[in-house]
file data.csv (CSV, C-alpha atoms)
chain,number,residue,atom,x,y,z
A,1,MET,CA,67.3,15.6,-88.8
A,2,GLU,CA,69.1,13.1,-90.9
A,3,MET,CA,68.3,12.8,-94.6
A,4,SER,CA,68.9,9.5,-96.4
A,5,THR,CA,70.8,10.2,-99.6
A,6,GLN,CA,72.7,7.0,-100.3
A,7,GLN,CA,72.6,5.8,-103.9
A,8,GLU,CA,71.8,2.2,-104.8
A,9,ASN,CA,73.8,0.4,-107.4
A,10,SER,CA,71.4,-0.2,-110.3
A,11,ALA,CA,71.1,0.8,-113.9
A,12,ASN,CA,67.4,1.5,-113.5
A,13,VAL,CA,67.3,5.2,-112.7
A,14,SER,CA,63.5,5.3,-112.3
A,15,GLY,CA,63.7,2.9,-109.3
A,16,THR,CA,66.7,4.2,-107.5
A,17,CYS,CA,67.1,7.9,-108.0
A,18,CYS,CA,67.4,9.7,-104.7
A,19,LEU,CA,67.7,13.3,-103.5
A,20,TYR,CA,71.4,13.4,-104.3
A,21,ASP,CA,70.8,12.6,-108.0
A,22,LEU,CA,68.1,15.2,-108.2
A,23,LEU,CA,70.3,17.9,-106.7
A,24,CYS,CA,72.9,17.2,-109.5
A,25,LEU,CA,70.4,17.7,-112.3
A,26,GLU,CA,70.0,21.1,-113.9
A,27,THR,CA,67.2,20.9,-116.4
A,28,PRO,CA,64.2,22.9,-115.1
A,29,SER,CA,61.0,21.3,-116.2
A,30,TRP,CA,58.4,21.6,-113.4
A,31,SER,CA,55.8,22.8,-115.9
A,32,ALA,CA,56.3,19.7,-117.9
A,33,HIS,CA,55.7,17.5,-114.8
A,34,THR,CA,52.6,19.4,-114.0
A,35,ASP,CA,51.2,19.2,-117.6
A,36,ARG,CA,51.8,15.5,-117.8
A,37,ARG,CA,50.1,15.0,-114.4
A,38,ARG,CA,47.1,17.0,-115.5
A,39,LEU,CA,46.8,15.3,-118.9
A,40,SER,CA,47.0,11.9,-117.3
A,41,GLY,CA,44.1,12.5,-115.0
A,42,ILE,CA,40.4,12.8,-115.7
A,43,LEU,CA,39.0,16.2,-114.7
A,44,SER,CA,35.7,16.2,-112.9
A,45,CYS,CA,32.7,18.1,-114.2
A,46,SER,CA,33.2,20.9,-111.7
A,47,GLN,CA,37.0,21.0,-112.5
A,48,ARG,CA,36.2,21.4,-116.2
A,49,ARG,CA,33.8,24.2,-115.5
A,50,LEU,CA,36.4,25.9,-113.3
A,51,GLU,CA,38.9,25.6,-116.1
A,52,LYS,CA,36.5,27.4,-118.4
A,53,LEU,CA,36.0,30.2,-115.9
A,54,LEU,CA,39.8,30.5,-115.6
A,55,HIS,CA,40.1,31.1,-119.4
A,56,GLN,CA,37.4,33.7,-119.6
A,57,CYS,CA,38.5,37.2,-120.5
A,58,GLY,CA,40.0,39.0,-117.5
A,59,ASN,CA,40.4,35.8,-115.5
A,60,ASP,CA,43.6,34.7,-117.4
A,61,ILE,CA,45.6,37.3,-115.4
A,62,CYS,CA,45.9,37.9,-111.7
A,63,ALA,CA,43.2,40.4,-110.5
A,64,ASP,CA,45.7,42.2,-108.3
A,65,CYS,CA,49.1,42.3,-110.2
A,66,GLY,CA,48.4,41.2,-113.7
A,67,SER,CA,50.6,38.1,-113.6
A,68,PRO,CA,49.5,35.6,-116.4
A,69,ASP,CA,47.9,32.2,-115.8
A,70,PRO,CA,46.8,32.6,-112.2
A,71,LYS,CA,46.2,29.3,-110.4
A,72,TRP,CA,44.5,30.5,-107.2
A,73,VAL,CA,41.1,31.9,-106.3
A,74,SER,CA,39.6,34.0,-103.6
A,75,LEU,CA,36.2,32.5,-103.5
A,76,SER,CA,34.8,35.1,-101.2
A,77,LEU,CA,35.9,37.9,-103.5
A,78,GLY,CA,35.3,36.1,-106.8
A,79,VAL,CA,38.8,36.7,-108.2
A,80,PHE,CA,41.6,34.6,-109.8
A,81,ILE,CA,45.0,35.5,-108.4
A,82,CYS,CA,48.6,34.4,-108.6
A,83,ILE,CA,50.4,32.5,-106.0
A,84,LYS,CA,52.3,35.5,-104.7
A,85,CYS,CA,49.2,37.6,-104.2
A,86,SER,CA,47.4,34.5,-102.7
A,87,GLY,CA,49.9,34.7,-99.7
A,88,VAL,CA,48.8,38.2,-99.0
A,89,HIS,CA,45.1,37.2,-99.3
A,90,ARG,CA,45.6,34.5,-96.7
A,91,SER,CA,47.0,37.1,-94.3
A,92,LEU,CA,43.8,39.1,-94.6
A,93,GLY,CA,41.8,36.3,-92.8
A,94,VAL,CA,39.1,34.1,-94.2
A,95,HIS,CA,36.4,36.6,-93.1
A,96,ILE,CA,37.7,38.8,-96.0
A,97,SER,CA,39.4,36.4,-98.5
A,98,LYS,CA,39.0,32.6,-98.5
A,99,VAL,CA,41.7,31.2,-100.8
A,100,PHE,CA,41.5,28.0,-102.9
A,101,SER,CA,43.8,26.4,-105.4
A,102,VAL,CA,42.5,25.8,-108.9
A,103,LYS,CA,44.5,22.6,-109.2
A,104,LEU,CA,45.1,21.4,-105.7
A,105,ASP,CA,41.7,21.7,-104.0
A,106,GLU,CA,38.6,19.6,-104.7
A,107,TRP,CA,35.9,21.9,-106.0
A,108,THR,CA,32.2,21.3,-105.6
A,109,ASP,CA,29.5,22.3,-108.1
A,110,GLU,CA,28.1,24.7,-105.6
A,111,GLN,CA,31.5,26.5,-105.2
A,112,VAL,CA,31.9,26.8,-109.0
A,113,ASP,CA,28.4,28.1,-109.3
A,114,THR,CA,29.2,30.7,-106.6
A,115,LEU,CA,32.4,31.8,-108.3
A,116,GLY,CA,30.8,31.9,-111.8
A,117,GLY,CA,27.9,34.1,-110.5
A,118,MET,CA,30.3,36.7,-109.1
A,119,GLY,CA,31.5,37.8,-112.6
A,120,GLY,CA,35.2,37.1,-112.3
A,121,ASN,CA,38.1,39.5,-112.2
A,122,THR,CA,36.6,42.1,-114.5
A,123,ALA,CA,33.5,42.6,-112.3
A,124,ALA,CA,35.5,42.5,-109.1
A,125,ASN,CA,38.0,45.1,-110.3
A,126,ASP,CA,35.2,47.3,-111.6
A,127,LYS,CA,34.0,47.3,-108.0
A,128,TYR,CA,37.2,47.2,-105.8
A,129,GLU,CA,39.3,49.4,-108.1
A,130,ALA,CA,36.6,51.9,-109.1
A,131,CYS,CA,38.4,54.9,-107.6
A,132,ILE,CA,42.2,54.4,-107.4
A,133,PRO,CA,43.9,57.7,-106.7
A,134,ASP,CA,46.5,58.9,-109.2
A,135,ASP,CA,49.3,58.7,-106.7
A,136,ILE,CA,48.7,54.9,-106.1
A,137,LYS,CA,50.2,52.5,-108.6
A,138,LYS,CA,48.7,49.0,-109.0
A,139,PRO,CA,51.3,46.3,-108.6
A,140,GLY,CA,52.8,44.4,-111.5
A,141,PRO,CA,54.0,40.8,-111.9
A,142,ASP,CA,57.5,41.9,-110.7
A,143,SER,CA,56.4,43.9,-107.8
A,144,SER,CA,57.7,43.2,-104.3
A,145,ILE,CA,55.7,41.5,-101.6
A,146,GLN,CA,55.5,44.8,-99.7
A,147,GLU,CA,54.0,46.6,-102.7
A,148,ARG,CA,51.5,43.7,-103.2
A,149,SER,CA,50.5,43.7,-99.5
A,150,ASP,CA,50.0,47.5,-99.4
A,151,PHE,CA,47.8,47.5,-102.4
A,152,ILE,CA,45.8,44.4,-101.6
A,153,ARG,CA,45.0,45.6,-98.1
A,154,ARG,CA,43.9,49.0,-99.4
A,155,LYS,CA,41.8,47.3,-102.0
A,156,TYR,CA,40.0,44.6,-100.0
A,157,GLU,CA,40.5,45.3,-96.3
A,158,LYS,CA,40.4,49.0,-96.1
A,159,LEU,CA,38.2,49.3,-99.2
A,160,GLN,CA,39.9,52.6,-100.2
A,161,PHE,CA,39.1,52.3,-103.9
A,162,LEU,CA,35.4,51.6,-103.7
A,163,ASN,CA,32.8,53.9,-105.3
A,164,SER,CA,31.2,55.6,-102.3
A,165,ASN,CA,27.8,54.2,-103.4
A,166,ASP,CA,29.1,50.7,-102.8
A,167,LEU,CA,30.3,51.3,-99.2
A,168,ASN,CA,28.1,50.4,-96.2
A,169,PRO,CA,29.6,52.3,-93.3
A,170,ALA,CA,28.1,49.9,-90.8
A,171,CYS,CA,29.7,46.8,-92.3
A,172,PRO,CA,32.9,47.7,-94.2
A,173,TYR,CA,33.3,44.3,-95.9
A,174,PRO,CA,30.6,44.2,-98.7
A,175,GLY,CA,29.7,40.6,-99.3
A,176,HIS,CA,31.5,39.3,-96.2
A,177,ARG,CA,30.6,38.5,-92.7
A,178,PRO,CA,30.7,41.6,-90.6
A,179,SER,CA,32.8,41.8,-87.5
A,180,SER,CA,31.9,43.1,-84.1
A,181,SER,CA,34.5,45.9,-84.3
A,182,ASN,CA,32.4,47.5,-86.9
A,183,ASN,CA,29.0,47.5,-85.1
A,184,CYS,CA,27.9,44.3,-86.9
A,185,SER,CA,26.8,41.0,-85.4
A,186,SER,CA,29.7,39.0,-84.2
A,187,GLN,CA,27.8,35.7,-83.9
A,188,ASP,CA,28.9,34.5,-87.4
A,189,LYS,CA,32.6,35.2,-86.8
A,190,LYS,CA,34.6,32.0,-86.4
A,191,PRO,CA,36.6,32.1,-83.2
A,192,TYR,CA,39.6,30.6,-84.8
A,193,ASP,CA,40.0,32.9,-87.8
A,194,LYS,CA,43.5,34.6,-87.5
A,195,GLN,CA,43.3,35.6,-83.9
A,196,ALA,CA,46.2,36.7,-81.7
A,197,THR,CA,48.3,34.3,-79.7
A,198,ARG,CA,49.6,34.4,-76.1
A,199,HIS,CA,51.8,31.8,-74.4
A,200,ARG,CA,50.9,28.6,-76.3
A,201,ILE,CA,49.7,29.0,-79.9
A,202,GLY,CA,46.5,27.2,-78.8
A,203,HIS,CA,45.4,30.1,-76.7
A,204,ALA,CA,44.2,31.7,-79.9
A,205,PHE,CA,41.5,29.1,-80.1
A,206,ARG,CA,40.6,28.8,-76.4
A,207,ASN,CA,38.4,31.2,-74.3
A,208,SER,CA,37.1,32.4,-77.7
A,209,TRP,CA,34.3,34.4,-76.2
A,210,GLY,CA,36.4,36.1,-73.5
A,211,ARG,CA,39.2,37.7,-75.4
A,212,MET,CA,40.3,41.2,-74.5
A,213,GLN,CA,40.3,44.0,-77.0
A,214,SER,CA,44.1,44.0,-77.0
A,215,ASP,CA,44.1,40.6,-78.7
A,216,SER,CA,42.5,42.0,-81.8
A,217,LYS,CA,45.2,44.7,-82.0
A,218,SER,CA,47.9,42.0,-81.9
A,219,THR,CA,46.0,40.1,-84.6
A,220,LYS,CA,46.2,43.0,-87.0
A,221,LYS,CA,50.0,43.3,-86.4
A,222,SER,CA,50.6,39.6,-86.8
A,223,ASN,CA,48.6,39.3,-90.0
A,224,SER,CA,50.3,42.4,-91.4
A,225,LEU,CA,53.7,40.7,-90.7
A,226,ALA,CA,52.5,37.5,-92.4
A,227,GLY,CA,51.5,39.4,-95.5
A,228,MET,CA,54.9,41.1,-95.8
A,229,VAL,CA,57.1,37.9,-95.6
A,230,GLU,CA,58.6,36.6,-98.8
A,231,PHE,CA,57.7,32.9,-99.2
A,232,VAL,CA,59.1,30.1,-101.4
A,233,GLY,CA,56.1,27.9,-101.8
A,234,LEU,CA,53.2,26.3,-100.0
A,235,ILE,CA,52.8,23.3,-97.8
A,236,LYS,CA,49.6,21.3,-98.0
A,237,VAL,CA,49.1,19.4,-94.7
A,238,ASN,CA,46.6,16.6,-94.5
A,239,VAL,CA,45.8,15.8,-90.9
A,240,VAL,CA,44.8,12.2,-91.3
A,241,LYS,CA,44.0,10.8,-87.9
A,242,GLY,CA,44.9,10.5,-84.2
A,243,THR,CA,45.5,7.3,-82.4
A,244,ASN,CA,45.1,6.6,-78.6
A,245,LEU,CA,44.9,10.3,-77.7
A,246,ALA,CA,44.7,11.4,-74.1
A,247,VAL,CA,41.5,11.5,-72.1
A,248,ARG,CA,40.4,15.0,-71.0
A,249,ASP,CA,36.6,14.7,-70.5
A,250,VAL,CA,36.2,11.9,-67.9
A,251,VAL,CA,36.4,9.0,-70.4
A,252,THR,CA,36.9,10.7,-73.8
A,253,SER,CA,37.9,13.9,-75.5
A,254,ASP,CA,36.8,16.3,-78.2
A,255,PRO,CA,40.1,16.8,-80.1
A,256,TYR,CA,41.2,19.3,-82.8
A,257,VAL,CA,44.6,20.1,-84.2
A,258,ILE,CA,46.3,23.5,-84.7
A,259,LEU,CA,49.1,23.9,-87.3
A,260,ALA,CA,51.4,26.9,-87.0
A,261,LEU,CA,54.2,28.0,-89.4
A,262,GLY,CA,55.7,31.4,-88.6
A,263,HIS,CA,53.0,34.0,-88.1
A,264,GLN,CA,50.3,31.7,-89.7
A,265,SER,CA,48.0,29.3,-87.9
A,266,VAL,CA,45.2,27.1,-89.1
A,267,LYS,CA,42.8,24.7,-87.3
A,268,THR,CA,41.0,21.5,-88.1
A,269,ARG,CA,37.4,20.8,-87.1
A,270,VAL,CA,36.5,19.4,-83.7
A,271,ILE,CA,35.6,15.7,-83.5
A,272,LYS,CA,33.4,14.9,-80.6
A,273,ASN,CA,33.9,12.0,-78.1
A,274,ASN,CA,36.7,10.3,-79.9
A,275,LEU,CA,40.2,9.2,-78.8
A,276,ASN,CA,40.9,7.8,-82.3
A,277,PRO,CA,39.6,10.7,-84.5
A,278,VAL,CA,39.8,10.6,-88.3
A,279,TRP,CA,40.0,14.1,-89.7
A,280,ASN,CA,41.3,13.6,-93.3
A,281,GLU,CA,41.4,17.4,-93.4
A,282,SER,CA,43.8,19.3,-95.7
A,283,LEU,CA,45.1,22.7,-94.7
A,284,MET,CA,47.4,25.1,-96.6
A,285,LEU,CA,50.2,27.3,-95.3
A,286,SER,CA,52.7,29.5,-97.0
A,287,ILE,CA,56.4,28.6,-96.6
A,288,PRO,CA,58.5,31.6,-95.5
A,289,GLU,CA,61.9,32.2,-97.0
A,290,ASN,CA,63.5,31.5,-93.7
A,291,ILE,CA,61.8,28.2,-93.1
A,292,PRO,CA,60.7,27.6,-89.5
A,293,PRO,CA,59.5,24.3,-88.1
A,294,LEU,CA,55.9,23.3,-88.5
A,295,LYS,CA,54.3,23.3,-85.1
A,296,VAL,CA,51.5,20.8,-84.3
A,297,LEU,CA,49.3,21.2,-81.2
A,298,VAL,CA,46.3,19.1,-80.1
A,299,TYR,CA,43.6,20.4,-77.8
A,300,ASP,CA,40.3,19.1,-76.3
A,301,LYS,CA,37.4,21.5,-77.0
A,302,ASP,CA,35.5,22.7,-73.9
A,303,THR,CA,32.4,24.8,-74.2
A,304,PHE,CA,32.5,26.5,-70.8
A,305,SER,CA,36.1,26.4,-69.8
A,306,THR,CA,39.6,26.6,-71.2
A,307,ASP,CA,40.4,24.0,-73.8
A,308,ASP,CA,42.7,21.3,-72.5
A,309,PHE,CA,46.1,20.6,-73.9
A,310,MET,CA,46.5,17.2,-75.5
A,311,GLY,CA,50.1,17.2,-76.8
A,312,GLU,CA,52.4,18.9,-79.3
A,313,ALA,CA,55.1,18.1,-81.8
A,314,GLU,CA,57.4,19.9,-84.3
A,315,ILE,CA,58.2,18.9,-87.9
A,316,ASP,CA,61.3,20.1,-89.7
A,317,ILE,CA,60.0,20.7,-93.3
A,318,GLN,CA,63.4,21.8,-94.7
A,319,PRO,CA,64.2,18.4,-96.2
A,320,LEU,CA,60.8,18.3,-97.9
A,321,VAL,CA,61.3,21.7,-99.4
A,322,THR,CA,64.8,20.8,-100.5
A,323,ALA,CA,63.5,17.7,-102.2
A,324,ALA,CA,60.8,19.7,-103.9
A,325,ARG,CA,63.4,22.3,-105.2
A,326,ALA,CA,65.6,19.5,-106.4
A,327,TYR,CA,62.7,17.9,-108.3
A,328,GLU,CA,61.8,21.3,-109.8
A,329,LYS,CA,65.2,21.4,-111.4
A,330,SER,CA,65.1,17.8,-112.6
A,331,SER,CA,63.6,16.0,-115.6
A,332,ILE,CA,62.5,13.0,-113.5
A,333,ILE,CA,58.9,11.9,-113.8
A,334,GLU,CA,58.9,8.4,-112.4
A,335,SER,CA,57.7,7.7,-108.8
A,336,MET,CA,60.6,7.1,-106.4
A,337,GLN,CA,61.9,7.7,-102.9
A,338,LEU,CA,63.7,11.0,-102.6
A,339,GLY,CA,64.8,10.8,-99.0
A,340,LYS,CA,63.7,10.3,-95.4
A,341,TRP,CA,63.5,11.8,-91.9
A,342,VAL,CA,65.1,9.1,-89.8
A,343,ALA,CA,63.3,8.2,-86.5
A,344,SER,CA,65.5,8.6,-83.5
A,345,LYS,CA,65.4,9.3,-79.7
A,346,GLU,CA,66.1,13.0,-80.6
A,347,ASN,CA,62.8,13.5,-82.5
A,348,THR,CA,59.1,12.6,-82.2
A,349,LEU,CA,58.8,10.2,-85.1
A,350,VAL,CA,57.2,6.8,-84.6
A,351,ASP,CA,59.0,5.5,-87.7
A,352,ASP,CA,61.0,7.0,-90.6
A,353,GLY,CA,59.2,9.8,-92.5
A,354,ILE,CA,59.7,8.8,-96.1
A,355,ILE,CA,59.8,11.6,-98.8
A,356,THR,CA,58.6,10.4,-102.1
A,357,LEU,CA,57.8,11.6,-105.6
A,358,ASP,CA,54.4,10.3,-106.5
A,359,ASP,CA,52.5,11.3,-109.6
A,360,GLY,CA,54.5,14.5,-110.0
A,361,MET,CA,54.0,15.5,-106.3
A,362,VAL,CA,56.7,15.6,-103.6
A,363,LYS,CA,55.1,14.1,-100.4
A,364,GLN,CA,56.0,12.9,-97.0
A,365,GLU,CA,54.0,10.7,-94.6
A,366,ILE,CA,54.8,11.2,-90.9
A,367,ASN,CA,53.6,9.5,-87.7
A,368,LEU,CA,54.3,11.8,-84.8
A,369,ARG,CA,54.4,10.8,-81.1
A,370,LEU,CA,52.9,13.7,-79.2
A,371,GLN,CA,55.1,15.3,-76.6
A,372,ASN,CA,54.4,16.7,-73.1
A,373,VAL,CA,51.4,14.5,-72.7
A,374,GLU,CA,50.8,10.9,-71.5
A,375,ARG,CA,50.1,9.4,-74.9
A,376,GLY,CA,48.9,9.9,-78.4
A,377,VAL,CA,50.1,9.6,-82.1
A,378,LEU,CA,49.2,11.8,-85.1
A,379,GLU,CA,49.3,10.7,-88.7
A,380,ILE,CA,50.1,13.6,-91.1
A,381,GLU,CA,50.7,13.8,-94.8
A,382,LEU,CA,52.7,16.7,-96.2
A,383,GLU,CA,52.9,17.9,-99.8
A,384,CYS,CA,55.3,20.7,-100.9
A,385,VAL,CA,53.9,23.0,-103.6
A,386,PRO,CA,56.5,25.2,-105.4
A,387,LEU,CA,55.7,28.8,-106.5
A,388,THR,CA,55.4,27.6,-110.1
A,389,GLN,CA,52.1,25.9,-109.3
call {"tool": "encode", "arguments": {"input": "data.csv", "output": "structure tokens"}}
result
Amino acid sequence: MEMSTQQENSANVSGTCCLYDLLCLETPSWSAHTDRRRLSGILSCSQRRLEKLLHQCGNDICADCGSPDPKWVSLSLGVFICIKCSGVHRSLGVHISKVFSVKLDEWTDEQVDTLGGMGGNTAANDKYEACIPDDIKKPGPDSSIQERSDFIRRKYEKLQFLNSNDLNPACPYPGHRPSSSNNCSSQDKKPYDKQATRHRIGHAFRNSWGRMQSDSKSTKKSNSLAGMVEFVGLIKVNVVKGTNLAVRDVVTSDPYVILALGHQSVKTRVIKNNLNPVWNESLMLSIPENIPPLKVLVYDKDTFSTDDFMGEAEIDIQPLVTAARAYEKSSIIESMQLGKWVASKENTLVDDGIITLDDGMVKQEINLRLQNVERGVLEIELECVPLTQ
């Protein structure tokens, strides 16, 4: 990958500042960028209500480690959590903890009503921390990811701290969809929620009704590893659309996209009978400390047979993360180009992937030519979110 870092000769810094300039600046002021961006925008009604919930007693610190000013929510558990604990919650799977950002996600009135009706951190901790043994210490703001992972899994997955009156032995996740491994109905379980992978990553989402029991064991190990990895931020991936995708069902296809980063994988919805699908679907992944490429795979959904492969690509997100880190240390607030991933014969880009600073957010727009398939292009937008958000 080649990053564009050439400076332009101009006295107007706001129009010409590039990644090199940002790397040379030392003034940390990310919170200032964030505050300006939030003040300049108009909060929706649901967002204002969410902010009020955030400032209620008990919700102003992370439910799991006590870090101040949490910016993430487990909607299924009804708790406000910090960004470090949110990474562990994601590794639990959405059947236990479905994580949203207070600032980055669009909230509906119904979601805010649900969250408000659950009572917040105080009510959740009264339930999930009712019986913590004396030999188990609750994590603090400076605790390691291993300490957080161990406590959070005990608290929400294994339910070791519940009052015995609150535990239903038939369905061990109170308030959540039960799983078939616990003698509960499996019909509500989404086939793509944190399942094991074999061969291609897409195998996790194919043959979803015919998986062997060994897959679920691999899933637990994979999710455990994901929860133990230190991460440096989050990447928000907006899968915009596909163009001229391959035909897999006589004259059309039912495409969906899988994104994988390290041990994590997420999936878009299926769009029926469309070779030019428009998803406009945003998905979030944690960025591990040792940054792997972002893998993109496209499949055609089949009901009664194995889903058909429709192409793949890889994205090196290291330049985007580098640009976000540089911005975090800078005092720049004007919109500008920070760099670019140059299209060449050695990569899958249709054109240069420009990295920009736009309204306080470091973004990159990418058009990918799918590989190992006869045709197809994907349009994707990336946004890097530092730990300070």
call {"tool": "closest_residue", "arguments": {"input": "data.csv", "among": "A:Glu281, A:Leu275, A:Gln264, A:Glu383", "to": "Pro319 (chain A)", "atoms": "all atoms listed in the file"}}
result
A:Glu383
call {"tool": "closest_residue", "arguments": {"input": "data.csv", "among": "A:Ile136, A:Leu297, A:Leu92, A:Leu261", "to": "Gly311 (chain A)", "atoms": "all atoms listed in the file"}}
result
A:Leu297
call {"tool": "closest_residue", "arguments": {"input": "data.csv", "among": "A:Val362, A:Val377, A:Cys57, A:Ile291", "to": "Val350 (chain A)", "atoms": "only C-alpha atoms"}}
result
A:Val377
call {"tool": "residues_around", "arguments": {"input": "data.csv", "residues": "Glu289 (chain A)", "least_positions_apart": "2", "cutoff": "7 Å", "atoms": "only C-alpha atoms", "output": "list in words"}}
result
Glu230, Phe231, Val232, Ile287 and Ile291 of chain A
call {"tool": "closest_residue", "arguments": {"input": "data.csv", "among": "A:Leu234, A:Val102, A:Ile96, A:Val250", "to": "Trp72 (chain A)", "atoms": "all atoms listed in the file"}}
result
A:Val102
call {"tool": "build_atoms", "arguments": {"input": "data.csv", "residues": "region 156-163 of chain A", "atoms": "all heavy atoms", "output": "PDB file, keeping the file's coordinate frame"}}
result
ATOM      1  N   TYR A 156      40.983  45.469-100.546  1.00  0.00           N
ATOM      2  CA  TYR A 156      40.000  44.600-100.000  1.00  0.00           C
ATOM      3  C   TYR A 156      39.675  44.744 -98.524  1.00  0.00           C
ATOM      4  O   TYR A 156      38.558  44.483 -98.080  1.00  0.00           O
ATOM      5  CB  TYR A 156      40.354  43.109-100.255  1.00  0.00           C
ATOM      6  CG  TYR A 156      40.545  42.741-101.697  1.00  0.00           C
ATOM      7  CD1 TYR A 156      41.799  42.389-102.178  1.00  0.00           C
ATOM      8  CD2 TYR A 156      39.463  42.726-102.585  1.00  0.00           C
ATOM      9  CE1 TYR A 156      41.977  42.027-103.507  1.00  0.00           C
ATOM     10  CE2 TYR A 156      39.638  42.370-103.914  1.00  0.00           C
ATOM     11  CZ  TYR A 156      40.904  42.025-104.378  1.00  0.00           C
ATOM     12  OH  TYR A 156      41.083  41.680-105.680  1.00  0.00           O
ATOM     13  N   GLU A 157      40.685  45.125 -97.740  1.00  0.00           N
ATOM     14  CA  GLU A 157      40.500  45.300 -96.300  1.00  0.00           C
ATOM     15  C   GLU A 157      40.022  46.652 -95.916  1.00  0.00           C
ATOM     16  O   GLU A 157      39.041  46.822 -95.198  1.00  0.00           O
ATOM     17  CB  GLU A 157      41.810  44.930 -95.579  1.00  0.00           C
ATOM     18  CG  GLU A 157      41.690  44.920 -94.063  1.00  0.00           C
ATOM     19  CD  GLU A 157      43.008  44.558 -93.395  1.00  0.00           C
ATOM     20  OE1 GLU A 157      44.052  45.118 -93.789  1.00  0.00           O
ATOM     21  OE2 GLU A 157      42.987  43.713 -92.474  1.00  0.00           O
ATOM     22  N   LYS A 158      40.725  47.662 -96.423  1.00  0.00           N
ATOM     23  CA  LYS A 158      40.400  49.000 -96.100  1.00  0.00           C
ATOM     24  C   LYS A 158      39.332  49.612 -97.074  1.00  0.00           C
ATOM     25  O   LYS A 158      38.713  50.642 -96.792  1.00  0.00           O
ATOM     26  CB  LYS A 158      41.618  49.912 -96.099  1.00  0.00           C
ATOM     27  CG  LYS A 158      42.645  49.471 -95.075  1.00  0.00           C
ATOM     28  CD  LYS A 158      43.903  50.331 -95.143  1.00  0.00           C
ATOM     29  CE  LYS A 158      44.940  49.853 -94.140  1.00  0.00           C
ATOM     30  NZ  LYS A 158      46.202  50.645 -94.214  1.00  0.00           N
ATOM     31  N   LEU A 159      39.154  48.951 -98.223  1.00  0.00           N
ATOM     32  CA  LEU A 159      38.200  49.300 -99.200  1.00  0.00           C
ATOM     33  C   LEU A 159      38.331  50.815 -99.644  1.00  0.00           C
ATOM     34  O   LEU A 159      37.352  51.538 -99.800  1.00  0.00           O
ATOM     35  CB  LEU A 159      36.738  49.102 -98.692  1.00  0.00           C
ATOM     36  CG  LEU A 159      36.438  47.653 -98.298  1.00  0.00           C
ATOM     37  CD1 LEU A 159      35.054  47.549 -97.669  1.00  0.00           C
ATOM     38  CD2 LEU A 159      36.554  46.721 -99.487  1.00  0.00           C
ATOM     39  N   GLN A 160      39.572  51.213 -99.865  1.00  0.00           N
ATOM     40  CA  GLN A 160      39.900  52.600-100.200  1.00  0.00           C
ATOM     41  C   GLN A 160      39.527  52.988-101.627  1.00  0.00           C
ATOM     42  O   GLN A 160      39.457  54.169-101.948  1.00  0.00           O
ATOM     43  CB  GLN A 160      41.336  52.905 -99.902  1.00  0.00           C
ATOM     44  CG  GLN A 160      41.688  52.867 -98.426  1.00  0.00           C
ATOM     45  CD  GLN A 160      43.140  53.229 -98.181  1.00  0.00           C
ATOM     46  OE1 GLN A 160      43.927  53.381 -99.121  1.00  0.00           O
ATOM     47  NE2 GLN A 160      43.511  53.366 -96.914  1.00  0.00           N
ATOM     48  N   PHE A 161      39.348  51.980-102.495  1.00  0.00           N
ATOM     49  CA  PHE A 161      39.100  52.300-103.900  1.00  0.00           C
ATOM     50  C   PHE A 161      37.693  52.071-104.353  1.00  0.00           C
ATOM     51  O   PHE A 161      37.377  52.156-105.532  1.00  0.00           O
ATOM     52  CB  PHE A 161      40.056  51.415-104.783  1.00  0.00           C
ATOM     53  CG  PHE A 161      41.486  51.416-104.328  1.00  0.00           C
ATOM     54  CD1 PHE A 161      42.242  50.251-104.380  1.00  0.00           C
ATOM     55  CD2 PHE A 161      42.080  52.566-103.844  1.00  0.00           C
ATOM     56  CE1 PHE A 161      43.563  50.236-103.966  1.00  0.00           C
ATOM     57  CE2 PHE A 161      43.408  52.573-103.427  1.00  0.00           C
ATOM     58  CZ  PHE A 161      44.148  51.397-103.481  1.00  0.00           C
ATOM     59  N   LEU A 162      36.800  51.776-103.397  1.00  0.00           N
ATOM     60  CA  LEU A 162      35.400  51.600-103.700  1.00  0.00           C
ATOM     61  C   LEU A 162      34.721  52.879-104.138  1.00  0.00           C
ATOM     62  O   LEU A 162      35.058  53.949-103.621  1.00  0.00           O
ATOM     63  CB  LEU A 162      34.632  51.003-102.538  1.00  0.00           C
ATOM     64  CG  LEU A 162      34.629  49.495-102.279  1.00  0.00           C
ATOM     65  CD1 LEU A 162      33.753  49.203-101.080  1.00  0.00           C
ATOM     66  CD2 LEU A 162      34.141  48.723-103.483  1.00  0.00           C
ATOM     67  N   ASN A 163      33.754  52.761-105.024  1.00  0.00           N
ATOM     68  CA  ASN A 163      32.800  53.900-105.300  1.00  0.00           C
ATOM     69  C   ASN A 163      32.050  54.108-103.970  1.00  0.00           C
ATOM     70  O   ASN A 163      31.625  53.160-103.310  1.00  0.00           O
ATOM     71  CB  ASN A 163      31.901  53.537-106.416  1.00  0.00           C
ATOM     72  CG  ASN A 163      31.041  54.714-106.819  1.00  0.00           C
ATOM     73  OD1 ASN A 163      30.360  55.318-105.993  1.00  0.00           O
ATOM     74  ND2 ASN A 163      31.062  55.033-108.096  1.00  0.00           N
TER      75      ASN A 163
END
